[in-house]
Amino acid sequence: MNGLESALAPALTWLAAHPAWAGVAIGLIAFTESLALVGLLVPGAVLMFMAGAVVGGSQLDILPMLAWAIAGAILGDGVSYALGRYYRDQLRTLPVIRRYPGALARAERLFQRHGGKSVVIGRFVGPVRPVIPAVVGMLGMPPGRFFLANVSSALVWGPAYLLPGVVFGASLMLALEVMGRLMAWLVVLFGGFFVLHAVLRALRHRRGWLWWLSLLVVLASLWAASQSLLPWGWERGWIALADAQRSAGLQALAWRITQLGGVLPIALATAVLAGGLWRAQQPRRALAALLGVGLSIGLANGLKPVFNLPRPNDLSQTAAFAAAFPSAHAAAISALVTAWLSCGPGSVSRQPRWAGLWLGLGVALVVLVASARGVLGVHWPSDILAGVALGVVLGALPGLIGVAASGALSRPRENARVVAASIMALGLTAGVTQTLHWPDPRAAYPEQAVIGSWPDQGTGLSAAAWADQRLSLTGPHEAFSAYWLAGDAKPAGFGRWWRPAVAWRWQTALRWLSPQPSPSRLPVLPRYHQGRLPAVVWVKIDPVQRSRWVLRAWREAHTPTGSAWLLSLEHERIRSGVLLPRFNRRQALAGEVAALVRAPAVRAGLERRDGAIPLFAPRRNERLVDTQAIKNARDDKINHVANAGGAMIKAGVSRQHDHAHAAEGEHVLKVNR
């Protein structure tokens, strides 16, 4: 054990027994490092590196630790911002600030030069790091802009300060290998954030860009539906993922969320909104709200029979569901939320500082309801996207009519109460429909897809029973290499030369950043079929060529004699690259498939049956009927012999009995005489 390991040994032993406290400690370090005044006295960067080294050496799960670091950084900057808004100019007179006047001056210059971006920049810049949130609060930065900058910068800051220590603690040599590339990736991500921020800021100054974008989506989706281009291949992959991963708990949660987009809750919430606006002397907006939401629901349901696109899993054939395109739930909730945003105090024309917060909450609600339709597997993603865009276009009528009439909101506080009442009506009505399971019962929705069973191998051997192409998350892909009918927990016969692939963990994932990648040390990239990862992933290493064969096996069905497997064979050649290894892969050719599976097939007692995709099945299957006939004939012969023997024994006993009776008769006759 070296000196560093000896020094950290007590801490590692304690963390192994109390892993939850590691996250608490990291959160406190991040909080104090980001807290105004206190952060000037705490060497946060050094402490974060040491904490990361302890986490890496103790093999703790990295994701909870990162979450604690990010949460602590967000909370620390948030408290600093609140102190700045509360104390204002009194902040300059605080004792600790007077000891560091240069930090406060630099923070003010940074904010005057870069505005909201100063929060992101300041988090990574020396002594202004714990001061800049308080300064922007003191200078009056809107809470919504600060919240966005605070959260986005913390998402980068946490990994940037914790991961180097984690890597160092996990392996000093691995740290030396990947440190350069890890910093390069952080630079790329940091630059990408500023580019994205610049694009969003440019779009924000063009009024109505979201409405025009939604109108473009509506027109494009209508054209695609009219040309029978929907659903796309990638949509099939995502619906298969939802079907495969949908547990009973997830289905229950998604079903409850989707009730917020039901007809009854949306209708009642719209009526409350329109009634409140009418009472607030805004009859045009009231009528526009009714018209916008009503048109969204009516048009979404009216377009369904026009395009008549089928739903996933043939749900359109059931009485509970109509055609798929577009999603009426998505259209209804997006229209109502857009009407709220057009009438509420977050309207851009009157309260710009609250516009971002209101917009974020509204978008979150729409995304939740729309995503629930996909999770439940009742709509293709294109249906949901078209429904959301349609709702935004028509739901904006109250804002368009109101701006044309007066240019601004007349009573923003009263409108806020009206919107709040509409939100309460939506939630209460949705709760009632959940309790009654009416008019949208949960039992009508599909359950989790499971692997089926074949009653016998004769059924399973038919070509229509097997999947011939892998369905990934992006759509149909390459054909499978072979079918395999042997083995239950894993395909039988693959024992020699094949070994399990390296498992995906954060320690092994870092190996992809190594400048000298090794095929034996790198985990295999994930592949999906019908929403499921392969049950078995094996590799066969070729150290001379620095390449490997990858075998992935998906269970297709259960049979009485084992499982039916779909095999995919892929050749991977790995070379050094700039930021990531160069990775060349290809599917195995027919001759390579035969060479790779010939020995496992012999060991498993299988023979090959030619077809578009070769099938390897047990030899005894072809002689199953003959064997049964032989067995039946043997049983009949045994029974015949047994019956014949029994008859002979019975006949002998009868003859002996007759002889005994005859002798007895003769004896009686002699006595009588």
# chains A, B, ... in the order shown; residues from 1 in each chain; ligands from 1
$ residues_around --residues "Arg603 (chain A)" --least-positions-apart "3" --cutoff "12 Å" --atoms "only C-alpha atoms" --output "ChimeraX atom specification"
/A:486-487,491-496,597-600,606-607,616,618
$ residues_around --residues "Ser327 (chain A)" --least-positions-apart "5" --cutoff "10 Å" --atoms "only C-alpha atoms" --output "NGL selection string"
:A and (297 or 300-301 or 303-304 or 332 or 370 or 373 or 378-388 or 390)
$ residues_around --residues "Arg511 (chain A)" --least-positions-apart "3" --cutoff "7 Å" --atoms "only C-alpha atoms" --output "NGL selection string"
:A and (508 or 514 or 522)
$ closest_residue --among "A:Pro64, A:Pro439, A:Gly562, A:Pro534" --to "Ala320 (chain A)" --atoms "only C-alpha atoms"
A:Pro439
$ closest_residue --among "A:Ala372, A:Pro441, A:Gly427, A:Val54" --to "Gly165 (chain A)" --atoms "only C-alpha atoms"
A:Val54
$ residues_around --residues "Ala389 (chain A)" --least-positions-apart "4" --cutoff "7 Å" --atoms "only C-alpha atoms" --output "JSON, numbers by chain"
{"A": [214, 215, 217, 218, 385, 393]}
$ write_last_selection --atoms "C-alpha atoms" --output "compact mmCIF listing (two decimals), in the first residue's frame"
# COMPACT_ATOMS: atom_id res chain seq x y z
CA SER A 214 -45.34 25.79 -34.27
CA LEU A 215 -47.22 26.77 -37.42
CA VAL A 217 -44.44 22.10 -37.55
CA VAL A 218 -48.21 21.81 -38.08
CA LEU A 385 -45.48 16.83 -31.80
CA VAL A 393 -51.03 27.95 -32.81
$ atom_distance --atom1 "CA of Pro312 (chain A)" --atom2 "CA of Gly377 (chain A)"
6.5 Å
$ residues_around --residues "region 442-457 of chain A" --least-positions-apart "5" --cutoff "10 Å" --atoms "only C-alpha atoms" --output "ChimeraX atom specification"
/A:240-248,250-252,254-256,312-313,315,318-321,376-378,434,437,462,465,485,530-531,555-564,617-618,621
$ residues_around --residues "Leu533 (chain A)" --least-positions-apart "6" --cutoff "9 Å" --atoms "only C-alpha atoms" --output "ChimeraX atom specification"
/A:526-527,554
$ write_last_selection --atoms "N, CA and C atoms" --output "PDB file, in the first residue's frame"
ATOM      1  N   PRO A 526     -23.854  -0.182 -26.388  1.00  0.00           N
ATOM      2  CA  PRO A 526     -25.178  -0.824 -26.247  1.00  0.00           C
ATOM      3  C   PRO A 526     -25.927  -0.851 -27.573  1.00  0.00           C
ATOM      4  N   ARG A 527     -26.691  -1.911 -27.764  1.00  0.00           N
ATOM      5  CA  ARG A 527     -27.561  -2.061 -28.922  1.00  0.00           C
ATOM      6  C   ARG A 527     -28.940  -2.508 -28.421  1.00  0.00           C
ATOM      7  N   TRP A 554     -30.407 -11.845 -28.133  1.00  0.00           N
ATOM      8  CA  TRP A 554     -31.705 -11.450 -27.576  1.00  0.00           C
ATOM      9  C   TRP A 554     -32.603 -12.684 -27.492  1.00  0.00           C
TER      10      TRP A 554
END
$ residues_around --residues "Val366 (chain A)" --least-positions-apart "3" --cutoff "7 Å" --atoms "only C-alpha atoms" --output "ChimeraX atom specification"
/A:333-334,362-363,369-370
$ write_last_selection --atoms "C-alpha atoms" --output "PDB file, in the first residue's frame"
ATOM      1  CA  ILE A 333     -53.088  20.852 -22.904  1.00  0.00           C
ATOM      2  CA  SER A 334     -50.797  22.965 -25.098  1.00  0.00           C
ATOM      3  CA  GLY A 362     -46.008  25.985 -18.846  1.00  0.00           C
ATOM      4  CA  VAL A 363     -43.569  24.098 -21.058  1.00  0.00           C
ATOM      5  CA  VAL A 369     -48.667  15.378 -20.474  1.00  0.00           C
ATOM      6  CA  ALA A 370     -47.335  14.895 -24.005  1.00  0.00           C
TER       7      ALA A 370
END
$ closest_residue --among "A:Ser226, A:Gln516, A:Thr270, A:Ser221" --to "Leu580 (chain A)" --atoms "only C-alpha atoms"
A:Gln516
$ closest_residue --among "A:Val187, A:Val263, A:Leu365, A:Ala280" --to "Trp438 (chain A)" --atoms "only C-alpha atoms"
A:Val263
$ select_by_dssp --residues "region 419-548 of chain A" --states "strand (DSSP E or B)" --output "ChimeraX atom specification"
/A:453,469-472,475-479,482-485,499-500,529,532,536-542,547-548
$ closest_residue --among "A:Leu299, A:Leu155, A:Gly356, A:Lys540" --to "Ala328 (chain A)" --atoms "only C-alpha atoms"
A:Leu299
$ atom_distance --atom1 "CA of Gly294 (chain A)" --atom2 "CA of Ala330 (chain A)"
13.3 Å
$ closest_residue --among "A:Trp484, A:Trp549, A:Trp157, A:Trp506" --to "Ile62 (chain A)" --atoms "only C-alpha atoms"
A:Trp506
$ decode --residues "region 265-344 of chain A" --atoms "C-alpha atoms" --output "tab-separated table (two decimals), in the first residue's frame"
chain	number	residue	atom	x	y	z
A	265	PRO	CA	-60.52	18.64	-17.18
A	266	ILE	CA	-59.53	20.80	-20.16
A	267	ALA	CA	-63.15	21.86	-20.81
A	268	LEU	CA	-63.80	22.86	-17.20
A	269	ALA	CA	-60.46	24.69	-16.86
A	270	THR	CA	-61.16	26.59	-20.10
A	271	ALA	CA	-64.64	27.53	-18.90
A	272	VAL	CA	-63.21	28.89	-15.64
A	273	LEU	CA	-60.58	30.86	-17.56
A	274	ALA	CA	-63.12	32.34	-19.97
A	275	GLY	CA	-65.57	33.16	-17.18
A	276	GLY	CA	-62.90	34.93	-15.16
A	277	LEU	CA	-61.75	36.98	-18.15
A	278	TRP	CA	-65.35	37.93	-18.95
A	279	ARG	CA	-65.89	39.06	-15.37
A	280	ALA	CA	-62.63	41.06	-15.58
A	281	GLN	CA	-64.09	43.10	-18.45
A	282	GLN	CA	-62.09	41.26	-21.13
A	283	PRO	CA	-64.81	39.68	-23.28
A	284	ARG	CA	-62.63	39.40	-26.39
A	285	ARG	CA	-59.98	37.42	-24.57
A	286	ALA	CA	-62.64	35.23	-22.96
A	287	LEU	CA	-64.18	34.34	-26.31
A	288	ALA	CA	-60.73	33.85	-27.84
A	289	ALA	CA	-59.77	31.42	-25.05
A	290	LEU	CA	-62.93	29.39	-25.62
A	291	LEU	CA	-62.42	29.49	-29.38
A	292	GLY	CA	-58.71	28.59	-29.26
A	293	VAL	CA	-58.97	25.62	-26.92
A	294	GLY	CA	-62.24	24.41	-28.46
A	295	LEU	CA	-60.81	24.55	-31.97
A	296	SER	CA	-57.71	22.66	-30.85
A	297	ILE	CA	-59.74	19.79	-29.43
A	298	GLY	CA	-62.26	19.75	-32.28
A	299	LEU	CA	-59.68	19.98	-35.05
A	300	ALA	CA	-57.44	17.31	-33.47
A	301	ASN	CA	-60.35	14.87	-33.23
A	302	GLY	CA	-61.65	15.86	-36.68
A	303	LEU	CA	-58.34	15.16	-38.39
A	304	LYS	CA	-58.10	11.63	-37.01
A	305	PRO	CA	-60.60	10.00	-39.43
A	306	VAL	CA	-59.25	12.13	-42.31
A	307	PHE	CA	-55.72	10.67	-42.13
A	308	ASN	CA	-56.75	7.45	-40.34
A	309	LEU	CA	-53.21	6.63	-39.22
A	310	PRO	CA	-53.08	3.52	-37.00
A	311	ARG	CA	-51.94	3.73	-33.41
A	312	PRO	CA	-49.06	1.64	-32.02
A	313	ASN	CA	-49.79	-1.99	-31.11
A	314	ASP	CA	-52.95	-2.00	-33.29
A	315	LEU	CA	-54.85	-0.02	-30.64
A	316	SER	CA	-56.95	1.61	-33.37
A	317	GLN	CA	-58.69	-1.75	-33.79
A	318	THR	CA	-60.05	-1.55	-30.23
A	319	ALA	CA	-63.17	0.34	-29.17
A	320	ALA	CA	-61.26	2.52	-26.66
A	321	PHE	CA	-59.05	4.32	-29.21
A	322	ALA	CA	-59.63	6.10	-32.50
A	323	ALA	CA	-56.97	6.89	-35.12
A	324	ALA	CA	-53.59	8.25	-34.02
A	325	PHE	CA	-52.85	11.54	-35.80
A	326	PRO	CA	-52.77	14.08	-34.17
A	327	SER	CA	-52.81	13.69	-30.39
A	328	ALA	CA	-55.90	15.39	-28.96
A	329	HIS	CA	-54.49	15.28	-25.41
A	330	ALA	CA	-51.32	17.08	-26.50
A	331	ALA	CA	-53.28	19.65	-28.51
A	332	ALA	CA	-55.68	20.35	-25.64
A	333	ILE	CA	-53.09	20.85	-22.90
A	334	SER	CA	-50.80	22.96	-25.10
A	335	ALA	CA	-53.71	25.17	-26.19
A	336	LEU	CA	-54.81	25.72	-22.58
A	337	VAL	CA	-51.27	26.46	-21.37
A	338	THR	CA	-50.72	28.88	-24.27
A	339	ALA	CA	-53.95	30.64	-23.34
A	340	TRP	CA	-52.74	30.91	-19.75
A	341	LEU	CA	-49.44	32.42	-20.90
A	342	SER	CA	-51.26	34.86	-23.19
A	343	CYS	CA	-53.56	36.06	-20.42
A	344	GLY	CA	-51.44	35.75	-17.29
